[in-house]
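Asks: What follows is upload28.cif, made up of mmCIF, C-alpha atoms:
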data_model
#
loop_
_atom_site.group_PDB
_atom_site.id
_atom_site.type_symbol
_atom_site.label_atom_id
_atom_site.label_comp_id
_atom_site.auth_asym_id
_atom_site.auth_seq_id
_atom_site.Cartn_x
_atom_site.Cartn_y
_atom_site.Cartn_z
ATOM 1 C CA MET X 1 175.096 122.024 64.478
ATOM 2 C CA ARG X 2 172.001 119.851 64.768
ATOM 3 C CA THR X 3 168.800 120.370 62.787
ATOM 4 C CA LEU X 4 165.253 120.740 64.061
ATOM 5 C CA SER X 5 162.622 120.140 61.372
ATOM 6 C CA VAL X 6 159.355 121.980 62.029
ATOM 7 C CA ILE X 7 156.467 120.497 60.016
ATOM 8 C CA VAL X 8 153.521 122.838 59.513
ATOM 9 C CA PRO X 9 150.488 121.565 57.535
ATOM 10 C CA CYS X 10 148.464 124.425 56.019
ATOM 11 C CA TYR X 11 145.101 124.638 54.310
ATOM 12 C CA ASN X 12 143.923 128.136 53.388
ATOM 13 C CA GLU X 13 146.119 129.684 56.079
ATOM 14 C CA GLU X 14 147.609 132.601 54.164
ATOM 15 C CA GLU X 15 147.208 135.047 57.046
ATOM 16 C CA ASN X 16 148.836 132.703 59.566
ATOM 17 C CA VAL X 17 152.009 131.751 57.647
ATOM 18 C CA ARG X 18 154.149 134.719 58.674
ATOM 19 C CA TYR X 19 152.482 135.065 62.066
ATOM 20 C CA PHE X 20 153.486 131.487 62.896
ATOM 21 C CA TYR X 21 157.047 132.106 61.677
ATOM 22 C CA ASP X 22 157.393 135.215 63.857
ATOM 23 C CA GLU X 23 156.120 133.373 66.948
ATOM 24 C CA LEU X 24 158.434 130.426 66.323
ATOM 25 C CA MET X 25 161.459 132.708 65.899
ATOM 26 C CA LYS X 26 160.875 134.113 69.375
ATOM 27 C CA ASN X 27 162.698 130.917 70.426
ATOM 28 C CA ALA X 28 165.749 131.866 68.309
ATOM 29 C CA ASP X 29 167.971 132.351 71.369
ATOM 30 C CA PHE X 30 166.976 128.922 72.660
ATOM 31 C CA PHE X 31 167.783 127.316 69.291
ATOM 32 C CA ALA X 32 171.161 129.049 69.188
ATOM 33 C CA GLY X 33 171.940 127.938 72.746
ATOM 34 C CA LYS X 34 171.245 124.319 71.788
ATOM 35 C CA ASP X 35 173.255 124.592 68.539
ATOM 36 C CA LEU X 36 170.089 123.963 66.550
ATOM 37 C CA VAL X 37 169.417 124.996 62.972
ATOM 38 C CA CYS X 38 165.667 125.291 62.473
ATOM 39 C CA GLU X 39 164.228 124.235 59.094
ATOM 40 C CA ILE X 40 160.546 125.055 58.661
ATOM 41 C CA ILE X 41 158.559 122.887 56.243
ATOM 42 C CA TYR X 42 155.201 124.364 55.299
ATOM 43 C CA VAL X 43 152.987 121.728 53.658
ATOM 44 C CA ASP X 44 150.346 123.444 51.513
ATOM 45 C CA ASP X 45 147.433 121.016 51.343
ATOM 46 C CA GLY X 46 145.931 122.264 48.078
ATOM 47 C CA SER X 47 144.952 125.673 49.424
ATOM 48 C CA SER X 48 142.757 127.923 47.283
ATOM 49 C CA ASP X 49 144.092 131.155 48.806
ATOM 50 C CA GLY X 50 147.609 132.633 48.791
ATOM 51 C CA THR X 51 149.169 130.219 51.301
ATOM 52 C CA ALA X 52 151.846 128.961 48.901
ATOM 53 C CA GLU X 53 152.718 132.498 47.788
ATOM 54 C CA ALA X 54 153.057 133.608 51.416
ATOM 55 C CA VAL X 55 155.541 130.766 52.005
ATOM 56 C CA ARG X 56 157.495 131.678 48.851
ATOM 57 C CA THR X 57 157.791 135.265 50.072
ATOM 58 C CA LEU X 58 159.002 134.063 53.451
ATOM 59 C CA ALA X 59 161.518 131.692 51.841
ATOM 60 C CA LYS X 60 163.151 134.611 50.027
ATOM 61 C CA GLU X 61 163.943 136.108 53.437
ATOM 62 C CA ASP X 62 164.955 132.888 55.181
ATOM 63 C CA PRO X 63 166.560 130.017 53.219
ATOM 64 C CA HIS X 64 165.598 127.608 56.003
ATOM 65 C CA VAL X 65 161.914 127.930 55.022
ATOM 66 C CA HIS X 66 160.699 125.185 52.658
ATOM 67 C CA LEU X 67 157.449 124.433 50.859
ATOM 68 C CA VAL X 68 155.717 121.212 49.849
ATOM 69 C CA SER X 69 152.621 122.072 47.832
ATOM 70 C CA PHE X 70 150.072 119.373 46.957
ATOM 71 C CA SER X 71 148.281 119.147 43.611
ATOM 72 C CA ARG X 72 144.958 119.195 45.507
ATOM 73 C CA ASN X 73 143.619 118.811 49.025
ATOM 74 C CA PHE X 74 144.718 115.421 50.394
ATOM 75 C CA GLY X 75 144.027 116.093 54.098
ATOM 76 C CA LYS X 76 146.100 116.874 57.155
ATOM 77 C CA GLU X 77 147.214 113.264 57.609
ATOM 78 C CA ALA X 78 148.879 113.331 54.188
ATOM 79 C CA GLY X 79 150.425 116.688 55.060
ATOM 80 C CA LEU X 80 152.036 115.337 58.216
ATOM 81 C CA TYR X 81 153.405 112.315 56.362
ATOM 82 C CA ALA X 82 154.792 114.443 53.516
ATOM 83 C CA GLY X 83 156.482 116.777 55.987
ATOM 84 C CA MET X 84 158.120 113.865 57.802
ATOM 85 C CA LYS X 85 159.395 112.443 54.506
ATOM 86 C CA LYS X 86 160.965 115.779 53.561
ATOM 87 C CA SER X 87 162.428 116.449 57.009
ATOM 88 C CA THR X 88 166.160 116.010 57.484
ATOM 89 C CA GLY X 89 166.598 116.968 61.136
ATOM 90 C CA GLU X 90 167.796 114.878 64.043
ATOM 91 C CA PHE X 91 164.656 116.208 65.753
ATOM 92 C CA VAL X 92 161.239 116.729 64.188
ATOM 93 C CA VAL X 93 158.257 118.627 65.575
ATOM 94 C CA THR X 94 154.759 118.773 64.070
ATOM 95 C CA MET X 95 152.717 121.915 64.758
ATOM 96 C CA ASP X 96 149.530 123.648 63.652
ATOM 97 C CA VAL X 97 150.025 126.942 61.831
ATOM 98 C CA ASP X 98 147.102 128.554 63.719
ATOM 99 C CA LEU X 99 149.234 128.702 66.907
ATOM 100 C CA GLN X 100 146.917 126.502 68.926
ATOM 101 C CA ASP X 101 150.174 124.620 69.495
ATOM 102 C CA PRO X 102 152.259 127.202 71.427
ATOM 103 C CA PRO X 103 155.922 127.369 70.282
ATOM 104 C CA SER X 104 156.788 128.536 73.810
ATOM 105 C CA LEU X 105 156.570 124.887 74.927
ATOM 106 C CA LEU X 106 159.538 123.851 72.787
ATOM 107 C CA PRO X 107 162.251 124.511 75.425
ATOM 108 C CA GLU X 108 160.447 122.303 77.938
ATOM 109 C CA MET X 109 159.883 119.624 75.311
ATOM 110 C CA PHE X 110 163.592 119.574 74.455
ATOM 111 C CA LYS X 111 164.423 119.143 78.125
ATOM 112 C CA TYR X 112 162.609 115.800 78.168
ATOM 113 C CA ILE X 113 164.159 114.702 74.858
ATOM 114 C CA GLU X 114 167.580 115.306 76.408
ATOM 115 C CA GLU X 115 166.522 113.182 79.378
ATOM 116 C CA GLY X 116 166.153 110.215 77.024
ATOM 117 C CA TYR X 117 162.530 110.288 75.829
ATOM 118 C CA ASP X 118 161.938 109.389 72.183
ATOM 119 C CA SER X 119 159.024 111.796 71.830
ATOM 120 C CA VAL X 120 157.310 114.521 73.806
ATOM 121 C CA ALA X 121 153.596 114.835 73.081
ATOM 122 C CA THR X 122 151.020 117.401 74.161
ATOM 123 C CA ARG X 123 147.412 117.189 75.252
ATOM 124 C CA ARG X 124 144.801 119.758 76.133
ATOM 125 C CA VAL X 125 143.425 119.630 79.653
ATOM 126 C CA SER X 126 140.413 121.740 78.676
ATOM 127 C CA ARG X 127 138.390 122.453 75.543
ATOM 128 C CA LYS X 128 137.643 126.079 76.312
ATOM 129 C CA GLY X 129 136.386 127.894 73.230
ATOM 130 C CA GLU X 130 135.045 124.776 71.520
ATOM 131 C CA PRO X 131 131.316 124.222 70.913
ATOM 132 C CA PRO X 132 129.950 122.109 73.820
ATOM 133 C CA ILE X 133 128.457 119.499 71.486
ATOM 134 C CA ARG X 134 131.840 118.956 69.809
ATOM 135 C CA SER X 135 133.595 118.596 73.159
ATOM 136 C CA PHE X 136 130.984 116.093 74.345
ATOM 137 C CA PHE X 137 131.339 113.828 71.308
ATOM 138 C CA ALA X 138 135.143 114.148 71.323
ATOM 139 C CA ARG X 139 135.302 112.800 74.894
ATOM 140 C CA ARG X 140 132.894 109.981 74.010
ATOM 141 C CA PHE X 141 135.071 109.083 71.019
ATOM 142 C CA TYR X 142 138.269 108.773 73.064
ATOM 143 C CA ARG X 143 136.480 106.681 75.690
ATOM 144 C CA LEU X 144 134.977 104.400 73.028
ATOM 145 C CA ILE X 145 138.142 103.824 71.012
ATOM 146 C CA ASN X 146 140.239 103.129 74.125
ATOM 147 C CA ARG X 147 137.770 100.468 75.200
ATOM 148 C CA MET X 148 137.800 98.782 71.810
ATOM 149 C CA SER X 149 141.443 99.163 70.778
ATOM 150 C CA LYS X 150 144.665 97.845 72.283
ATOM 151 C CA THR X 151 146.389 101.039 71.096
ATOM 152 C CA GLU X 152 145.905 103.812 73.640
ATOM 153 C CA ILE X 153 144.676 107.120 72.200
ATOM 154 C CA VAL X 154 145.109 109.833 74.834
ATOM 155 C CA ASP X 155 142.091 112.100 75.374
ATOM 156 C CA GLY X 156 142.836 115.629 74.208
ATOM 157 C CA ALA X 157 146.004 114.585 72.357
ATOM 158 C CA ARG X 158 147.294 117.124 69.853
ATOM 159 C CA ASP X 159 149.441 116.553 66.772
ATOM 160 C CA TYR X 160 151.976 118.859 68.448
ATOM 161 C CA ARG X 161 154.822 116.437 69.138
ATOM 162 C CA LEU X 162 158.612 116.618 69.285
ATOM 163 C CA MET X 163 160.271 113.409 68.061
ATOM 164 C CA THR X 164 163.708 111.933 67.582
ATOM 165 C CA ARG X 165 164.796 110.743 64.151
ATOM 166 C CA GLN X 166 164.399 107.115 65.239
ATOM 167 C CA PHE X 167 160.773 107.771 66.170
ATOM 168 C CA VAL X 168 160.077 109.520 62.846
ATOM 169 C CA ASN X 169 161.698 106.723 60.844
ATOM 170 C CA ALA X 170 159.417 104.236 62.604
ATOM 171 C CA ILE X 171 156.364 106.255 61.508
ATOM 172 C CA LEU X 172 157.654 106.437 57.939
ATOM 173 C CA GLU X 173 157.771 102.632 57.949
ATOM 174 C CA MET X 174 153.947 102.750 57.984
ATOM 175 C CA PRO X 175 153.000 104.094 54.516
ATOM 176 C CA GLU X 176 149.337 103.100 54.813
ATOM 177 C CA TYR X 177 146.828 105.089 52.738
ATOM 178 C CA ASN X 178 144.144 105.404 55.423
ATOM 179 C CA ARG X 179 146.104 107.256 58.086
ATOM 180 C CA PHE X 180 145.153 108.087 61.673
ATOM 181 C CA THR X 181 148.302 109.703 63.015
ATOM 182 C CA LYS X 182 147.214 109.860 66.652
ATOM 183 C CA GLY X 183 146.922 106.075 66.615
ATOM 184 C CA ILE X 184 150.155 105.607 64.656
ATOM 185 C CA PHE X 185 152.068 107.690 67.208
ATOM 186 C CA SER X 186 150.893 105.342 69.954
ATOM 187 C CA TRP X 187 151.241 102.131 67.941
ATOM 188 C CA VAL X 188 154.984 102.538 67.242
ATOM 189 C CA GLY X 189 155.690 102.620 70.967
ATOM 190 C CA TYR X 190 158.935 104.116 72.322
ATOM 191 C CA GLU X 191 159.190 106.308 75.431
ATOM 192 C CA THR X 192 156.787 109.237 75.313
ATOM 193 C CA LYS X 193 156.421 112.122 77.762
ATOM 194 C CA TRP X 194 153.070 113.920 77.884
ATOM 195 C CA LEU X 195 152.805 117.659 78.509
ATOM 196 C CA GLU X 196 149.493 119.266 79.400
ATOM 197 C CA PHE X 197 148.377 122.787 78.540
ATOM 198 C CA GLU X 198 145.197 124.833 78.462
ATOM 199 C CA ASN X 199 143.357 125.063 75.175
ATOM 200 C CA ILE X 200 144.381 128.062 73.060
ATOM 201 C CA GLU X 201 142.054 129.573 70.475
ATOM 202 C CA ARG X 202 143.182 130.122 66.897
ATOM 203 C CA ALA X 203 145.313 133.187 66.244
ATOM 204 C CA LYS X 204 143.500 134.084 63.015
ATOM 205 C CA GLY X 205 140.957 132.587 60.653
ATOM 206 C CA GLU X 206 138.464 129.789 61.250
ATOM 207 C CA THR X 207 138.907 126.072 61.784
ATOM 208 C CA LYS X 208 138.588 123.833 58.724
ATOM 209 C CA TRP X 209 137.266 120.938 60.840
ATOM 210 C CA SER X 210 133.471 120.778 60.683
ATOM 211 C CA PHE X 211 131.478 118.429 62.900
ATOM 212 C CA TRP X 212 130.930 116.089 59.928
ATOM 213 C CA LYS X 213 134.652 115.963 59.080
ATOM 214 C CA LEU X 214 135.472 115.165 62.693
ATOM 215 C CA PHE X 215 132.839 112.410 62.684
ATOM 216 C CA ILE X 216 134.362 110.813 59.560
ATOM 217 C CA TYR X 217 137.828 111.184 61.094
ATOM 218 C CA ALA X 218 136.614 109.379 64.228
ATOM 219 C CA ILE X 219 135.257 106.488 62.144
ATOM 220 C CA ASP X 220 138.594 106.283 60.304
ATOM 221 C CA GLY X 221 140.387 106.069 63.646
ATOM 222 C CA ILE X 222 138.166 103.273 64.944
ATOM 223 C CA VAL X 223 138.409 101.257 61.722
ATOM 224 C CA ALA X 224 142.198 101.771 61.537
ATOM 225 C CA PHE X 225 143.022 100.542 65.027
ATOM 226 C CA THR X 226 140.437 97.994 66.085
ATOM 227 C CA THR X 227 138.356 95.190 64.595
ATOM 228 C CA ALA X 228 135.978 95.221 67.575
ATOM 229 C CA PRO X 229 133.025 96.520 65.474
ATOM 230 C CA LEU X 230 133.240 93.361 63.331
ATOM 231 C CA ALA X 231 133.071 91.254 66.479
ATOM 232 C CA ILE X 232 130.070 93.299 67.657
ATOM 233 C CA ALA X 233 128.316 92.676 64.316
ATOM 234 C CA SER X 234 128.947 88.931 64.626
ATOM 235 C CA PHE X 235 127.713 88.912 68.221
ATOM 236 C CA MET X 236 124.518 90.742 67.263
ATOM 237 C CA GLY X 237 123.900 88.213 64.478
ATOM 238 C CA VAL X 238 124.236 85.275 66.888
ATOM 239 C CA LEU X 239 122.129 87.052 69.526
ATOM 240 C CA PHE X 240 119.221 87.659 67.166
ATOM 241 C CA CYS X 241 119.361 84.098 65.821
ATOM 242 C CA VAL X 242 119.061 82.753 69.382
ATOM 243 C CA LEU X 243 116.310 85.251 70.186
ATOM 244 C CA ALA X 244 114.370 84.293 67.051
ATOM 245 C CA PHE X 245 114.664 80.565 67.925
ATOM 246 C CA ILE X 246 113.362 81.228 71.461
ATOM 247 C CA LEU X 247 110.426 83.283 70.123
ATOM 248 C CA ILE X 248 109.510 80.474 67.697
ATOM 249 C CA ILE X 249 109.414 77.969 70.577
ATOM 250 C CA VAL X 250 107.331 80.361 72.710
ATOM 251 C CA THR X 251 104.876 80.959 69.879
ATOM 252 C CA ILE X 252 104.408 77.215 69.217
ATOM 253 C CA VAL X 253 103.929 76.436 72.929
ATOM 254 C CA ARG X 254 101.388 79.237 73.387
ATOM 255 C CA LYS X 255 99.403 77.997 70.412
ATOM 256 C CA LEU X 256 99.442 74.283 71.395
ATOM 257 C CA VAL X 257 98.959 74.679 75.138
ATOM 258 C CA PHE X 258 96.847 77.813 75.539
ATOM 259 C CA GLY X 259 95.371 78.164 72.085
ATOM 260 C CA ASP X 260 96.604 81.743 72.076
ATOM 261 C CA PRO X 261 96.585 83.242 68.567
ATOM 262 C CA THR X 262 99.738 84.806 67.153
ATOM 263 C CA SER X 263 100.068 88.571 67.476
ATOM 264 C CA GLY X 264 98.927 90.686 64.561
ATOM 265 C CA TRP X 265 100.795 92.600 61.884
ATOM 266 C CA PRO X 266 101.867 95.641 64.006
ATOM 267 C CA SER X 267 104.196 93.518 66.132
ATOM 268 C CA LEU X 268 105.416 91.731 62.996
ATOM 269 C CA VAL X 269 106.258 95.054 61.293
ATOM 270 C CA CYS X 270 108.165 96.232 64.375
ATOM 271 C CA ILE X 271 110.214 93.015 64.504
ATOM 272 C CA ILE X 272 110.990 93.139 60.773
ATOM 273 C CA SER X 273 112.043 96.812 61.049
ATOM 274 C CA LEU X 274 114.301 96.058 64.012
ATOM 275 C CA ILE X 275 115.988 93.102 62.340
ATOM 276 C CA SER X 276 116.394 95.026 59.069
ATOM 277 C CA GLY X 277 117.981 97.934 60.940
ATOM 278 C CA VAL X 278 120.437 95.608 62.682
ATOM 279 C CA GLN X 279 121.320 93.954 59.377
ATOM 280 C CA LEU X 280 121.960 97.288 57.680
ATOM 281 C CA PHE X 281 124.036 98.432 60.666
ATOM 282 C CA CYS X 282 126.192 95.301 60.483
ATOM 283 C CA LEU X 283 126.540 95.638 56.705
ATOM 284 C CA GLY X 284 127.650 99.232 57.251
ATOM 285 C CA ILE X 285 130.384 98.069 59.636
ATOM 286 C CA ILE X 286 131.588 95.459 57.149
ATOM 287 C CA GLY X 287 131.397 98.059 54.379
ATOM 288 C CA GLN X 288 133.693 100.417 56.267
ATOM 289 C CA TYR X 289 136.395 97.773 56.619
ATOM 290 C CA LEU X 290 135.910 96.657 53.026
ATOM 291 C CA SER X 291 136.204 100.222 51.701
ATOM 292 C CA LYS X 292 139.442 100.801 53.645
ATOM 293 C CA THR X 293 140.842 97.539 52.312
ATOM 294 C CA TYR X 294 139.813 98.575 48.790
ATOM 295 C CA MET X 295 141.695 101.877 49.081
ATOM 296 C CA GLU X 296 144.796 100.158 50.474
ATOM 297 C CA VAL X 297 145.068 97.468 47.779
ATOM 298 C CA LYS X 298 144.844 100.037 44.961
ATOM 299 C CA LYS X 299 148.218 101.371 46.167
ATOM 300 C CA ARG X 300 147.468 104.954 45.215
ATOM 301 C CA PRO X 301 150.005 107.541 46.468
ATOM 302 C CA ILE X 302 149.140 109.268 49.729
ATOM 303 C CA TYR X 303 149.670 112.650 48.044
ATOM 304 C CA LEU X 304 150.909 114.253 44.802
ATOM 305 C CA ILE X 305 153.300 117.202 44.841
ATOM 306 C CA ARG X 306 152.812 120.224 42.585
ATOM 307 C CA GLU X 307 155.754 122.244 43.900
ATOM 308 C CA GLU X 308 158.590 121.603 46.315
ATOM 309 C CA PHE X 309 161.682 123.492 47.458
#
Starting from the file, give its structure as structure tokens.

Replies:
Amino acid sequence: MRTLSVIVPCYNEEENVRYFYDELMKNADFFAGKDLVCEIIYVDDGSSDGTAEAVRTLAKEDPHVHLVSFSRNFGKEAGLYAGMKKSTGEFVVTMDVDLQDPPSLLPEMFKYIEEGYDSVATRRVSRKGEPPIRSFFARRFYRLINRMSKTEIVDGARDYRLMTRQFVNAILEMPEYNRFTKGIFSWVGYETKWLEFENIERAKGETKWSFWKLFIYAIDGIVAFTTAPLAIASFMGVLFCVLAFILIIVTIVRKLVFGDPTSGWPSLVCIISLISGVQLFCLGIIGQYLSKTYMEVKKRPIYLIREEF
């Protein structure tokens, strides 16, 4: 018998724990036909509701259900990493507990794994049900990061991915503190098959991803997989130095040749404001990279476990 490890990060998802389990077990005949034992690893990311208790109740009924409970909220990225570290299966799949990642795709995903692919990833072909403003900025983010980074981040990519043990071990070789899993999946390489599906709304509850959290997550992704913003900051510095030199020459020539007086304070205030804004923008870019470096060199653990079974 082979083992399939199902990693399910949870944050205040008490009402979805059993619902997800029931939907996953609808594939029980498929698992049996492939001689697969399915271990389900719920990673409780410091939930304040009864998520952990719901998993404990489920584990009493099925010994293949496991729990990793964090001491506080460390984020979904930490949850995915913790689940991969605990997994023991020859195959590992990461899924959202809200069933936006349909378990019904698993048979098709296994078909491609058996054909020799190292991972089978999923992407949404539509964002139906999402706020339009969020969809707009999400598309702009993927376009921006793919232009700046050598690591391809597929538009609409989900964390729903079936992987071989070799693929998972490669990811575990990257224990960085500031994690952007979508980029890490692409960075490690290997043969990946992409499956497309229509967006599915949450089964129950509300999303924990606010617009601000998604914005911070996007910045983390850009900083983690490209240094292009630093190059942009350097380019802007050189550009404004050249521009300032040209303006000095123009001002001197106008005064000596035409006797034209220098412009008054309004234009001076505008120029100072522009240059100050550019300087602060460039300092912000440098600050982002410096802060990530600061967090990495402290070597703090990615997560702390309160309970595990």

Asks: Neighbouring residues of stretch 117-126 of chain X were defined as those with any atom within 9 Å, considering all atoms listed in the file; residues of the same chain fewer than 3 positions away were excluded. Please report them as an MDAnalysis selection string.

Replies: chainID X and resid 101 109:110 112:114 154:167 190:200

Asks: List the spatial neighbours of stretch 53-57 of chain X as a ChimeraX atom specification - criterion: any atom at most 8 Å away, only C-alpha atoms, same-chain residues fewer than 5 positions off excluded.

Replies: /X:14,17-18,42,65-67

Asks: Which is closest to X:Asn16 among X:Pro107, X:Gly79, X:Gly50, X:Gly89, if we use only C-alpha atoms?

Replies: X:Gly50

Asks: From the options X:Ser104, X:Ser69, X:Thr94, X:Ser186, which residue's atoms come nearest to X:Lys26, counting all atoms listed in the file?

Replies: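 Ranking X:Ser104, X:Ser69, X:Thr94, X:Ser186 by distance to X:Lys26, first place goes to X:Ser104.
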
Asks: Between X:Ile7, X:Leu24, X:Asp44, X:Glu173, single out the one closest to X:Gly75, counting all atoms listed in the file.

Replies: X:Asp44

Asks: Just the number, please: distance in Å from atom CA of X:Thr51 to atom CA of X:Pro9, one decimal.

Replies: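 Between these atoms lies a distance of 10.7 Å.
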
Asks: What's the 10 Å shell around X:Glu23, counting only C-alpha atoms, without same-chain residues fewer than 6 positions away, as an MDAnalysis selection string?

Replies: chainID X and resid 99 102:104

Asks: Atom CA of X:Glu77 and atom CA of X:Tyr289, how far apart in Å?

Replies: 18.9 Å

Asks: Could you tell me how far atom CA of X:Tyr11 lies from atom CA of X:Ser47, in Å and to one decimal?

Replies: 5.0 Å

Asks: For a quick check of understanding, using all atoms listed in the file, which of X:Met25, X:Val37, X:Ala233, X:Leu105 has the smallest distance to X:Phe91?

Replies: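 Among X:Met25, X:Val37, X:Ala233, X:Leu105, it is X:Val37 that comes nearest to X:Phe91.
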
Asks: Of the residues X:Val168, X:Ile40, X:Leu256, X:Ala82, which is the one nearest to X:Pro63, using only C-alpha atoms?

Replies: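 Of X:Val168, X:Ile40, X:Leu256, X:Ala82, the one nearest X:Pro63, counting only C-alpha atoms, is X:Ile40.
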
Asks: X:Met95, X:Val43, X:Val253, X:Val278: which is nearest X:Arg72, counting all atoms listed in the file?

Replies: X:Val43

Asks: Show which residues sit within 8 Å of X:His64, as a ChimeraX atom specification. Count all atoms listed in the file, and ignore same-chain residues fewer than 4 positions away.

Replies: /X:38-40,59
